[in-house]
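So this one's structure_26.tsv, TSV, C-alpha atoms:
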chain	number	residue	atom	x	y	z
L	1	MET	CA	-27.91	10.56	30.45
L	2	SER	CA	-26.41	7.32	31.57
L	3	ARG	CA	-23.52	5.53	29.91
L	4	SER	CA	-25.86	2.95	28.38
L	5	GLY	CA	-27.62	5.68	26.41
L	6	ILE	CA	-31.03	5.13	28.04
L	7	GLY	CA	-32.79	8.40	28.81
L	8	THR	CA	-32.81	9.50	32.42
L	9	VAL	CA	-35.94	9.30	34.52
L	10	THR	CA	-37.29	12.75	35.33
L	11	GLY	CA	-40.02	14.40	37.38
L	12	ALA	CA	-41.75	13.02	40.44
L	13	ALA	CA	-41.45	9.45	39.23
L	14	ALA	CA	-37.68	9.73	39.36
L	15	ALA	CA	-37.83	10.47	43.05
L	16	GLY	CA	-40.24	7.64	43.70
L	17	GLY	CA	-43.19	9.99	44.13
L	18	GLY	CA	-45.06	9.31	40.91
L	19	ARG	CA	-48.64	8.10	40.77
L	20	PRO	CA	-49.06	4.38	41.45
L	21	GLY	CA	-49.31	2.28	38.33
L	22	ARG	CA	-47.97	4.98	35.97
L	23	PRO	CA	-44.57	4.12	34.36
L	24	PRO	CA	-41.76	6.63	34.83
L	25	ARG	CA	-41.37	9.21	32.08
L	26	VAL	CA	-38.25	8.59	30.00
L	27	GLU	CA	-36.57	11.25	27.92
L	28	GLY	CA	-35.70	10.35	24.35
L	29	LEU	CA	-32.42	11.01	22.62
L	30	ARG	CA	-31.94	14.12	20.50
L	31	LEU	CA	-29.17	16.04	18.78
L	32	ARG	CA	-27.78	19.14	20.43
L	33	ALA	CA	-29.24	22.46	19.35
L	34	GLY	CA	-27.31	23.63	16.30
L	35	ALA	CA	-26.10	20.16	15.28
L	36	GLU	CA	-27.13	19.03	11.80
L	37	LEU	CA	-27.05	15.98	9.58
L	38	ILE	CA	-25.91	16.72	6.00
L	39	VAL	CA	-24.78	14.97	2.85
L	40	GLY	CA	-21.31	16.23	2.02
L	41	VAL	CA	-18.03	15.16	0.47
L	42	HIS	CA	-18.38	12.22	-1.95
L	43	ASP	CA	-22.13	12.11	-1.15
L	44	GLN	CA	-21.37	10.75	2.31
L	45	PRO	CA	-23.52	11.50	5.38
L	46	LEU	CA	-21.89	13.80	7.91
L	47	VAL	CA	-23.04	15.13	11.24
L	48	VAL	CA	-21.84	18.62	12.21
L	49	SER	CA	-21.53	19.78	15.80
L	50	PRO	CA	-22.60	23.31	16.85
L	51	GLU	CA	-18.87	24.13	17.06
L	52	GLY	CA	-18.43	23.20	13.38
L	53	LEU	CA	-16.72	19.82	13.81
L	54	TYR	CA	-17.55	17.21	11.16
L	55	THR	CA	-18.02	13.49	11.84
L	56	ARG	CA	-18.39	11.00	9.00
L	57	LEU	CA	-21.14	8.42	9.40
L	58	MET	CA	-21.74	5.00	7.93
L	59	PRO	CA	-25.18	4.69	6.24
L	60	ALA	CA	-26.64	2.68	9.13
L	61	ALA	CA	-25.36	5.23	11.65
L	62	ALA	CA	-26.79	8.06	9.55
L	63	ARG	CA	-30.23	6.46	9.68
L	64	ILE	CA	-30.01	6.30	13.47
L	65	VAL	CA	-28.86	9.93	13.73
L	66	ALA	CA	-31.74	11.01	11.47
L	67	SER	CA	-34.18	9.46	13.95
L	68	LEU	CA	-32.84	11.25	17.03
L	69	ASP	CA	-35.81	13.58	17.45
L	70	GLY	CA	-36.33	13.18	21.19
L	71	THR	CA	-38.96	10.45	20.94
L	72	ARG	CA	-36.74	7.35	20.92
L	73	THR	CA	-34.51	5.77	23.53
L	74	ALA	CA	-31.47	3.58	22.98
L	75	ALA	CA	-33.66	0.50	23.41
L	76	ASP	CA	-35.98	1.76	20.67
L	77	LEU	CA	-33.04	2.34	18.34
L	78	ALA	CA	-31.54	-1.09	19.06
L	79	SER	CA	-34.85	-2.78	18.24
L	80	GLY	CA	-34.50	-1.65	14.65
L	81	VAL	CA	-30.87	-2.82	14.24
L	82	ARG	CA	-30.13	-6.24	12.82
L	83	GLY	CA	-27.30	-8.52	13.82
L	84	PRO	CA	-25.76	-9.69	17.09
L	85	ALA	CA	-25.16	-7.36	20.03
L	86	ALA	CA	-27.35	-4.66	18.49
L	87	ARG	CA	-27.78	-2.82	21.80
L	88	ALA	CA	-24.04	-2.76	22.48
L	89	ARG	CA	-23.33	-1.39	19.00
L	90	VAL	CA	-25.99	1.30	19.36
L	91	ASP	CA	-24.63	2.30	22.79
L	92	ALA	CA	-21.11	2.54	21.35
L	93	LEU	CA	-22.37	4.76	18.53
L	94	LEU	CA	-24.22	7.03	20.97
L	95	ASP	CA	-21.10	7.32	23.14
L	96	GLU	CA	-19.05	8.42	20.13
L	97	LEU	CA	-21.72	10.93	19.09
L	98	ARG	CA	-21.56	12.45	22.57
L	99	ARG	CA	-17.77	12.65	22.36
L	100	ALA	CA	-18.16	14.34	18.97
L	101	GLY	CA	-20.38	16.95	20.63
L	102	VAL	CA	-23.51	16.33	18.55
L	103	LEU	CA	-25.71	14.39	20.98
L	104	GLU	CA	-27.27	15.74	24.15
L	105	GLY	CA	-25.91	14.33	27.39
L	106	ASP	CA	-22.50	13.94	28.97
L	107	ALA	CA	-19.91	11.87	27.14
L	108	PRO	CA	-18.69	8.81	29.04
L	109	ALA	CA	-15.38	9.16	30.84
L	110	LEU	CA	-12.29	7.87	29.05
L	111	ASN	CA	-9.63	5.75	30.67
L	112	ARG	CA	-5.96	6.64	30.37
L	113	ARG	CA	-5.37	4.69	27.17
L	114	GLU	CA	-8.50	6.05	25.53
L	115	ARG	CA	-7.52	9.63	26.44
L	116	LEU	CA	-4.11	9.09	24.85
L	117	LEU	CA	-5.76	7.65	21.74
L	118	SER	CA	-8.12	10.63	21.55
L	119	ARG	CA	-5.14	13.00	21.58
L	120	LEU	CA	-3.39	10.98	18.88
L	121	ARG	CA	-6.45	11.23	16.65
L	122	ARG	CA	-6.38	15.00	16.72
L	123	LYS	CA	-4.39	16.92	14.17
L	124	ALA	CA	-0.90	17.20	15.57
L	125	ILE	CA	-0.38	20.84	14.67
L	126	LEU	CA	0.12	23.82	16.93
L	127	ARG	CA	-1.72	26.68	15.22
L	128	LEU	CA	-1.15	30.41	15.36
L	129	PRO	CA	-4.04	32.08	13.47
L	130	LEU	CA	-3.13	35.31	11.69
L	131	TRP	CA	-6.60	35.94	10.21
L	132	ARG	CA	-9.86	34.78	11.75
L	133	ARG	CA	-11.54	35.54	8.44
L	134	ALA	CA	-9.98	35.80	5.02
L	135	PRO	CA	-8.94	39.36	4.15
L	136	GLY	CA	-10.41	41.13	1.15
L	137	PRO	CA	-7.51	40.42	-1.26
L	138	LEU	CA	-8.16	36.67	-0.85
L	139	THR	CA	-11.90	36.80	-1.39
L	140	ALA	CA	-12.08	39.46	-4.13
L	141	PRO	CA	-11.07	37.09	-6.98
L	142	ALA	CA	-13.78	34.62	-5.95
L	143	GLY	CA	-16.60	36.51	-7.69
L	144	PRO	CA	-15.32	36.28	-11.28
L	145	LEU	CA	-14.31	32.64	-10.73
L	146	ALA	CA	-17.63	31.52	-9.29
L	147	SER	CA	-19.27	30.60	-12.59
L	148	ALA	CA	-18.59	27.23	-14.17
L	149	GLY	CA	-17.62	28.89	-17.46
L	150	SER	CA	-14.96	31.04	-15.82
L	151	ARG	CA	-13.48	28.03	-14.04
L	152	ARG	CA	-13.36	26.09	-17.32
L	153	VAL	CA	-11.57	28.94	-19.10
L	154	LEU	CA	-9.09	29.23	-16.21
L	155	ALA	CA	-8.36	25.50	-16.37
L	156	LEU	CA	-7.83	25.58	-20.14
L	157	ALA	CA	-5.45	28.51	-19.78
L	158	GLY	CA	-3.67	27.08	-16.75
L	159	ILE	CA	-2.81	23.64	-18.15
L	160	PRO	CA	-0.49	24.95	-20.90
L	161	ALA	CA	1.14	27.32	-18.41
L	162	LEU	CA	1.80	24.47	-15.98
L	163	LEU	CA	3.23	22.27	-18.74
L	164	ALA	CA	5.52	25.09	-19.89
L	165	ALA	CA	6.67	25.69	-16.31
L	166	ALA	CA	7.44	21.98	-15.89
L	167	VAL	CA	9.51	21.98	-19.09
L	168	PHE	CA	11.54	24.99	-17.98
L	169	VAL	CA	12.12	23.46	-14.55
L	170	LEU	CA	13.37	20.16	-15.94
L	171	THR	CA	15.57	21.95	-18.46
L	172	ALA	CA	17.14	24.11	-15.77
L	173	LEU	CA	17.73	21.21	-13.39
L	174	VAL	CA	19.45	19.14	-16.10
L	175	ALA	CA	21.49	22.03	-17.49
L	176	LEU	CA	22.62	23.63	-14.23
L	177	GLY	CA	23.09	20.68	-11.87
L	178	LEU	CA	23.64	21.36	-8.18
L	179	PRO	CA	23.85	25.01	-7.09
L	180	SER	CA	26.75	26.72	-5.43
L	181	SER	CA	26.37	28.76	-2.25
L	182	SER	CA	24.18	31.83	-2.53
L	183	ALA	CA	22.97	34.72	-0.37
L	184	PRO	CA	20.29	33.23	1.90
L	185	TRP	CA	18.18	36.32	2.54
L	186	PRO	CA	16.87	36.91	-1.02
L	187	VAL	CA	16.10	33.22	-1.32
L	188	ALA	CA	14.27	33.15	2.02
L	189	LEU	CA	12.31	36.30	1.13
L	190	VAL	CA	11.10	34.84	-2.17
L	191	LEU	CA	10.14	31.59	-0.45
L	192	LEU	CA	8.05	33.48	2.12
L	193	VAL	CA	6.22	35.38	-0.62
L	194	GLN	CA	5.68	32.14	-2.52
L	195	LEU	CA	4.31	30.48	0.63
L	196	ALA	CA	1.80	33.30	1.08
L	197	CYS	CA	0.72	32.95	-2.56
L	198	HIS	CA	0.42	29.18	-2.10
L	199	GLU	CA	-2.08	29.55	0.73
L	200	ALA	CA	-3.87	32.37	-1.08
L	201	SER	CA	-4.39	30.01	-4.05
L	202	HIS	CA	-6.17	27.54	-1.79
L	203	ALA	CA	-8.30	30.35	-0.38
L	204	VAL	CA	-9.28	31.74	-3.79
L	205	VAL	CA	-10.40	28.35	-5.13
L	206	CYS	CA	-12.32	27.70	-1.90
L	207	ARG	CA	-14.19	30.96	-2.25
L	208	ALA	CA	-14.83	30.31	-5.94
L	209	LEU	CA	-16.51	27.03	-4.99
L	210	GLY	CA	-18.51	28.61	-2.18
L	211	VAL	CA	-16.44	27.17	0.68
L	212	ARG	CA	-16.13	29.37	3.77
L	213	ILE	CA	-12.59	30.03	5.02
L	214	ARG	CA	-12.46	29.95	8.81
L	215	GLU	CA	-8.93	31.23	9.40
L	216	ALA	CA	-5.40	31.28	8.06
L	217	GLY	CA	-2.05	31.31	9.80
L	218	VAL	CA	1.13	29.45	10.59
L	219	GLY	CA	1.85	26.50	12.83
L	220	LEU	CA	4.11	23.65	13.82
L	221	TRP	CA	3.22	20.23	12.45
L	222	LEU	CA	4.04	17.54	15.01
L	223	TRP	CA	5.10	20.54	17.12
L	224	ALA	CA	8.40	20.61	15.20
L	225	LEU	CA	8.03	21.40	11.47
L	226	PRO	CA	6.92	24.94	10.50
L	227	VAL	CA	3.93	25.09	8.14
L	228	ALA	CA	1.37	27.59	6.90
L	229	TYR	CA	-2.30	26.74	6.57
L	230	VAL	CA	-5.72	27.88	5.41
L	231	ASP	CA	-8.52	26.28	7.42
L	232	ARG	CA	-10.81	24.82	4.78
L	233	THR	CA	-12.72	22.49	7.10
L	234	ASP	CA	-16.04	23.53	5.57
L	235	SER	CA	-14.99	22.02	2.25
L	236	TYR	CA	-16.53	18.82	3.68
L	237	ARG	CA	-19.86	20.34	2.61
L	238	LEU	CA	-18.67	20.32	-1.00
L	239	ARG	CA	-19.89	17.14	-2.70
L	240	SER	CA	-17.87	17.35	-5.94
L	241	ARG	CA	-14.68	15.28	-6.24
L	242	ARG	CA	-13.31	17.69	-8.83
L	243	GLY	CA	-13.86	20.57	-6.47
L	244	HIS	CA	-11.88	18.90	-3.69
L	245	VAL	CA	-9.07	18.01	-6.11
L	246	ALA	CA	-8.99	21.61	-7.37
L	247	ILE	CA	-8.77	23.00	-3.83
L	248	ALA	CA	-5.93	20.63	-2.91
L	249	LEU	CA	-3.90	21.20	-6.08
L	250	ALA	CA	-4.35	24.99	-6.25
L	251	GLY	CA	-1.30	25.56	-4.04
L	252	PRO	CA	1.07	23.11	-5.83
L	253	ALA	CA	-0.05	24.49	-9.20
L	254	GLY	CA	0.95	27.96	-8.08
L	255	ASP	CA	4.25	26.60	-6.77
L	256	LEU	CA	4.99	25.04	-10.16
L	257	LEU	CA	4.44	28.39	-11.86
L	258	TRP	CA	6.87	29.97	-9.38
L	259	CYS	CA	9.39	27.22	-10.19
L	260	GLY	CA	9.01	27.94	-13.90
L	261	ALA	CA	9.65	31.66	-13.42
L	262	THR	CA	12.69	30.90	-11.25
L	263	ALA	CA	14.01	28.49	-13.89
L	264	LEU	CA	13.79	31.23	-16.52
L	265	VAL	CA	15.87	33.54	-14.35
L	266	ALA	CA	18.39	30.82	-13.57
L	267	LEU	CA	18.81	29.94	-17.27
L	268	TYR	CA	18.92	33.37	-18.88
L	269	ALA	CA	19.96	35.89	-16.22
L	270	GLY	CA	23.58	36.43	-15.33
L	271	GLY	CA	25.70	37.06	-12.28
L	272	SER	CA	24.37	36.83	-8.73
L	273	ALA	CA	20.73	36.82	-9.86
L	274	ALA	CA	21.23	33.57	-11.78
L	275	SER	CA	23.15	32.03	-8.89
L	276	ALA	CA	20.43	32.93	-6.37
L	277	ALA	CA	17.71	31.71	-8.73
L	278	HIS	CA	19.55	28.41	-9.17
L	279	ALA	CA	19.70	27.81	-5.43
L	280	LEU	CA	16.09	28.94	-5.03
L	281	LEU	CA	14.93	26.59	-7.78
L	282	VAL	CA	16.40	23.54	-6.07
L	283	LEU	CA	14.67	24.46	-2.81
L	284	GLN	CA	11.39	25.09	-4.61
L	285	VAL	CA	11.49	21.69	-6.32
L	286	VAL	CA	12.30	19.93	-3.04
L	287	LEU	CA	9.38	21.67	-1.31
L	288	LEU	CA	7.05	20.93	-4.22
L	289	CYS	CA	7.93	17.22	-4.20
L	290	THR	CA	7.52	17.12	-0.41
L	291	ASN	CA	4.10	18.75	-0.71
L	292	LEU	CA	2.99	16.04	-3.14
L	293	ASN	CA	4.22	13.16	-0.97
L	294	PRO	CA	1.20	10.92	-0.14
L	295	LEU	CA	2.88	9.61	3.04
L	296	LEU	CA	2.37	13.00	4.70
L	297	PRO	CA	-0.82	15.07	5.24
L	298	THR	CA	0.08	17.20	2.21
L	299	ASP	CA	-1.83	18.74	-0.68
L	300	GLY	CA	-0.82	15.80	-2.84
L	301	PHE	CA	-2.28	13.36	-0.33
L	302	HIS	CA	-5.54	15.31	-0.09
L	303	ALA	CA	-5.81	15.46	-3.89
L	304	LEU	CA	-5.26	11.70	-4.16
L	305	GLU	CA	-7.76	11.09	-1.38
L	306	ALA	CA	-10.37	13.25	-3.10
L	307	ALA	CA	-9.77	11.69	-6.53
L	308	THR	CA	-10.23	8.16	-5.16
L	309	GLY	CA	-13.38	9.06	-3.25
L	310	THR	CA	-12.03	8.35	0.23
L	311	THR	CA	-12.44	10.53	3.30
L	312	ASN	CA	-10.26	10.91	6.38
L	313	LEU	CA	-7.99	8.09	5.24
L	314	ARG	CA	-5.12	9.10	7.55
L	315	HIS	CA	-7.45	9.58	10.50
L	316	ARG	CA	-8.93	6.12	10.11
L	317	ALA	CA	-5.56	4.52	9.32
L	318	PHE	CA	-3.93	5.91	12.44
L	319	ALA	CA	-7.04	5.01	14.46
L	320	VAL	CA	-6.41	1.37	13.50
L	321	LEU	CA	-2.69	1.60	14.30
L	322	SER	CA	-3.10	3.41	17.62
L	323	ALA	CA	-5.91	1.09	18.72
L	324	LEU	CA	-3.66	-1.89	18.02
L	325	VAL	CA	-0.70	-0.40	19.89
L	326	LEU	CA	-2.71	0.86	22.85
L	327	ARG	CA	-5.08	-2.14	22.91
L	328	VAL	CA	-8.29	-0.16	22.97
L	329	PRO	CA	-11.48	-0.78	20.95
L	330	LEU	CA	-11.66	0.54	17.42
L	331	PRO	CA	-14.05	3.42	16.69
L	332	VAL	CA	-17.45	2.27	15.49
L	333	THR	CA	-17.00	3.70	12.00
L	334	VAL	CA	-13.70	1.84	11.57
L	335	ARG	CA	-14.92	-1.34	13.20
L	336	ALA	CA	-17.64	-1.64	10.57
L	337	LEU	CA	-15.14	-1.70	7.68
L	338	PRO	CA	-14.08	-4.98	6.02
L	339	ARG	CA	-11.05	-6.69	7.53
L	340	ARG	CA	-9.03	-6.33	4.30
L	341	ARG	CA	-9.54	-2.56	4.26
L	342	ARG	CA	-8.54	-2.28	7.89
L	343	SER	CA	-5.36	-4.20	7.04
L	344	LEU	CA	-4.59	-1.73	4.23
L	345	TYR	CA	-5.16	1.15	6.63
L	346	LEU	CA	-2.81	-0.45	9.13
L	347	GLY	CA	-0.10	-0.86	6.48
L	348	TYR	CA	-0.41	2.74	5.32
L	349	ALA	CA	-0.29	4.08	8.88
L	350	ALA	CA	2.80	2.00	9.70
L	351	VAL	CA	4.69	3.14	6.57
L	352	SER	CA	3.61	6.76	7.05
L	353	ALA	CA	4.62	6.75	10.72
L	354	GLY	CA	8.03	5.27	9.86
L	355	TYR	CA	8.61	7.84	7.13
L	356	THR	CA	7.56	10.70	9.43
L	357	LEU	CA	9.95	9.46	12.11
L	358	LEU	CA	12.81	9.38	9.60
L	359	LEU	CA	11.89	12.87	8.43
L	360	LEU	CA	11.92	14.23	11.97
L	361	CYS	CA	15.27	12.54	12.64
L	362	GLY	CA	16.67	14.09	9.47
L	363	VAL	CA	15.43	17.54	10.46
L	364	GLY	CA	16.87	17.11	13.95
L	365	PHE	CA	20.23	15.99	12.57
L	366	GLY	CA	20.33	18.94	10.18
L	367	LEU	CA	19.58	21.39	12.97
L	368	THR	CA	22.32	19.95	15.15
L	369	GLN	CA	24.81	20.30	12.29
L	370	VAL	CA	23.80	23.90	11.64
L	371	LEU	CA	23.88	24.85	15.32
L	372	GLY	CA	27.13	22.98	15.83
L	373	GLY	CA	28.74	24.84	12.92
L	374	ALA	CA	27.46	28.17	14.20
L	375	LEU	CA	28.87	27.53	17.66
How does the structure come out when it is put into structure tokens?
Amino acid sequence: MSRSGIGTVTGAAAAGGGRPGRPPRVEGLRLRAGAELIVGVHDQPLVVSPEGLYTRLMPAAARIVASLDGTRTAADLASGVRGPAARARVDALLDELRRAGVLEGDAPALNRRERLLSRLRRKAILRLPLWRRAPGPLTAPAGPLASAGSRRVLALAGIPALLAAAVFVLTALVALGLPSSSAPWPVALVLLVQLACHEASHAVVCRALGVRIREAGVGLWLWALPVAYVDRTDSYRLRSRRGHVAIALAGPAGDLLWCGATALVALYAGGSAASAAHALLVLQVVLLCTNLNPLLPTDGFHALEAATGTTNLRHRAFAVLSALVLRVPLPVTVRALPRRRRSLYLGYAAVSAGYTLLLLCGVGFGLTQVLGGAL
């Protein structure tokens, strides 16, 4: 199809050999085979590509996508759109749907700035999948947790445990102060086990809510900071806010329980075990606070995003910032937002980018100090 979104002329008429007086046959627009339009997170319309990529739609865009049955052209769609430059807005939407892989036809070519912006919009994480599907130990607990009654009982039992863990952690931090040097290998080993349990917690809650887990593994965020992940992309199909908050906070809740157990050892054990637990506790608390920082794409940010009913806040915020810096048009879904909201997105993206830059500089400085001391 052409860049304008008008269907291509086919058959003999396209070659100029059609019957005199008969208009050329024009193909209508349709979704790719396997693409689907759904209502997902926060009751928002989403279109899913055959490859499983989700694209959020504004209500007007969702109505257009719902009509893409192969019988309408771009001109037909534009005739039902109110406001100025209706055809240009419809063409821009169709171009973005082709880039998202949900609409038949070739996506229009991007210029250099637009290609750079497209790369910036992607998740800046280098992934190394360890499991393409969740292993049995992660999915086995999902059955007993699937009923609403079981989840309610688990929540009622978990809240007192989390409060008790928080009390023990605060008591230990106040009573013990800063730790002295400790053997690094036991501390690192416990942190690795805790990290695995953290991701398993996300996976278990996903399965309990009926969310498919695509893969799990490790990666480098911004190609520099090591992270572990569970791919819960299909949670976009989950409409409940509480469900999304539960998935996001499952890992931090487990981390808090680990902190509480470590605080008990640090307070009441003796000798090297208490010393190692003290050092471990400080690291655990730092990691927990980092994972709740809303300026990073953390579990805390995702929980806050879910609780407030927003979707892809960081993606849209950085789309505004990168479009301003690179001087390219805003995406259609962002362009339709009120100016005040776009200004808030721009402010969040600027603060988040500044914080991330400082974090990377701090990590780089720490590595140079460690390597310099080792050499």
Name the residues in contact with L:His244 at a cut-off of 8 Å, using only C-alpha atoms, excluding same-chain residues fewer than 5 positions from it; report them as an mmCIF file with C-alpha atoms, keeping the file's coordinate frame.
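So the final result, stored in part15.cif, reads:
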data_model
loop_
_atom_site.group_PDB
_atom_site.id
_atom_site.type_symbol
_atom_site.label_atom_id
_atom_site.label_comp_id
_atom_site.auth_asym_id
_atom_site.auth_seq_id
_atom_site.Cartn_x
_atom_site.Cartn_y
_atom_site.Cartn_z
ATOM 1 C CA SER L 235 -14.990 22.020 2.250
ATOM 2 C CA LEU L 238 -18.670 20.320 -1.000
ATOM 3 C CA ALA L 303 -5.810 15.460 -3.890
ATOM 4 C CA ALA L 306 -10.370 13.250 -3.100
#
Review point. Do you know which residues are at most 10 Å from L:Leu68 counting only C-alpha atoms, after dropping those on the same chain fewer than 5 positions away, and could you put them as a count of residues only?
Key: 10
With 12 Å as the cut-off and all atoms listed in the file counted, what is the closest atom pair between each nearby residue of stretch 279-348 of chain L and stretch 42-61 of chain L? Distances in Å to one decimal, ordered by chain and number, as a Markdown table.
| residue | atom | partner | partner_atom | distance |
| --- | --- | --- | --- | --- |
| L:Glu305 | CA | L:His42 | CA | 10.7 |
| L:Ala306 | CA | L:His42 | CA | 8.2 |
| L:Ala307 | CA | L:His42 | CA | 9.8 |
| L:Thr308 | CA | L:His42 | CA | 9.7 |
| L:Gly309 | CA | L:His42 | CA | 6.1 |
| L:Thr310 | CA | L:His42 | CA | 7.7 |
| L:Thr311 | CA | L:His42 | CA | 8.1 |
| L:Asn312 | CA | L:Arg56 | CA | 8.5 |
| L:Leu313 | CA | L:Arg56 | CA | 11.4 |
| L:His315 | CA | L:Arg56 | CA | 11.1 |
| L:Arg316 | CA | L:Arg56 | CA | 10.7 |
| L:Pro331 | CA | L:Leu57 | CA | 11.3 |
| L:Val332 | CA | L:Met58 | CA | 9.1 |
| L:Thr333 | CA | L:Met58 | CA | 6.4 |
| L:Val334 | CA | L:Met58 | CA | 9.4 |
| L:Arg335 | CA | L:Met58 | CA | 10.7 |
| L:Ala336 | CA | L:Met58 | CA | 8.2 |
| L:Leu337 | CA | L:Met58 | CA | 9.4 |
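Every protein or nucleic acid residue with an atom no more than 8 Å from L:Leu267, counting all atoms listed in the file and leaving out same-chain residues fewer than 3 positions away, appears here: Ala172, Leu176, Ala263, Leu264 and Ala274 of chain L.
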Check your understanding: Got a sec: who's within 10 Å of L:Leu170, counting only C-alpha atoms, leaving out chain neighbours fewer than 4 positions off, as a PyMOL selection string?
Key -> chain L and resi 165-166+174-175+259-260+263+285
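Going from atom CA of L:Val205 to atom CA of L:Val218 covers 19.5 Å.
Between atom CA of L:Leu163 and atom CA of L:Gln284 there is a distance of 16.6 Å.
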Review point. For L:Leu256, which of L:Leu281, L:Asn293, L:Val81, L:Ala196 is the closest residue, counting all atoms listed in the file?
Key: L:Leu281
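The interatomic distance for the pair atom CA of L:Asp91 and atom CA of L:Ala78 works out to 8.6 Å.
Of the listed residues L:Ser201, L:Ser79, L:Arg115, L:Phe301, the one whose atoms come nearest to L:Leu326 is L:Arg115, with distances taken using all atoms listed in the file.
Take the candidates L:Phe365, L:Tyr229, L:Trp258, L:Tyr348 and check each one against L:Leu288 using all atoms listed in the file; the shortest distance goes to L:Trp258.
Using only C-alpha atoms, the smallest distance between any of L:Gly254, L:Pro84, L:Gly40, L:Pro226 and L:Ser240 comes from L:Gly40.
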Review point. Leaving out L:Ser343 and any residue of its chain fewer than 3 positions from it, which residues lie within 12 Å of it when counting all atoms listed in the file, given as an MDAnalysis selection string?
Key: chainID L and resid 316:321 324 334:335 337:340 346:350
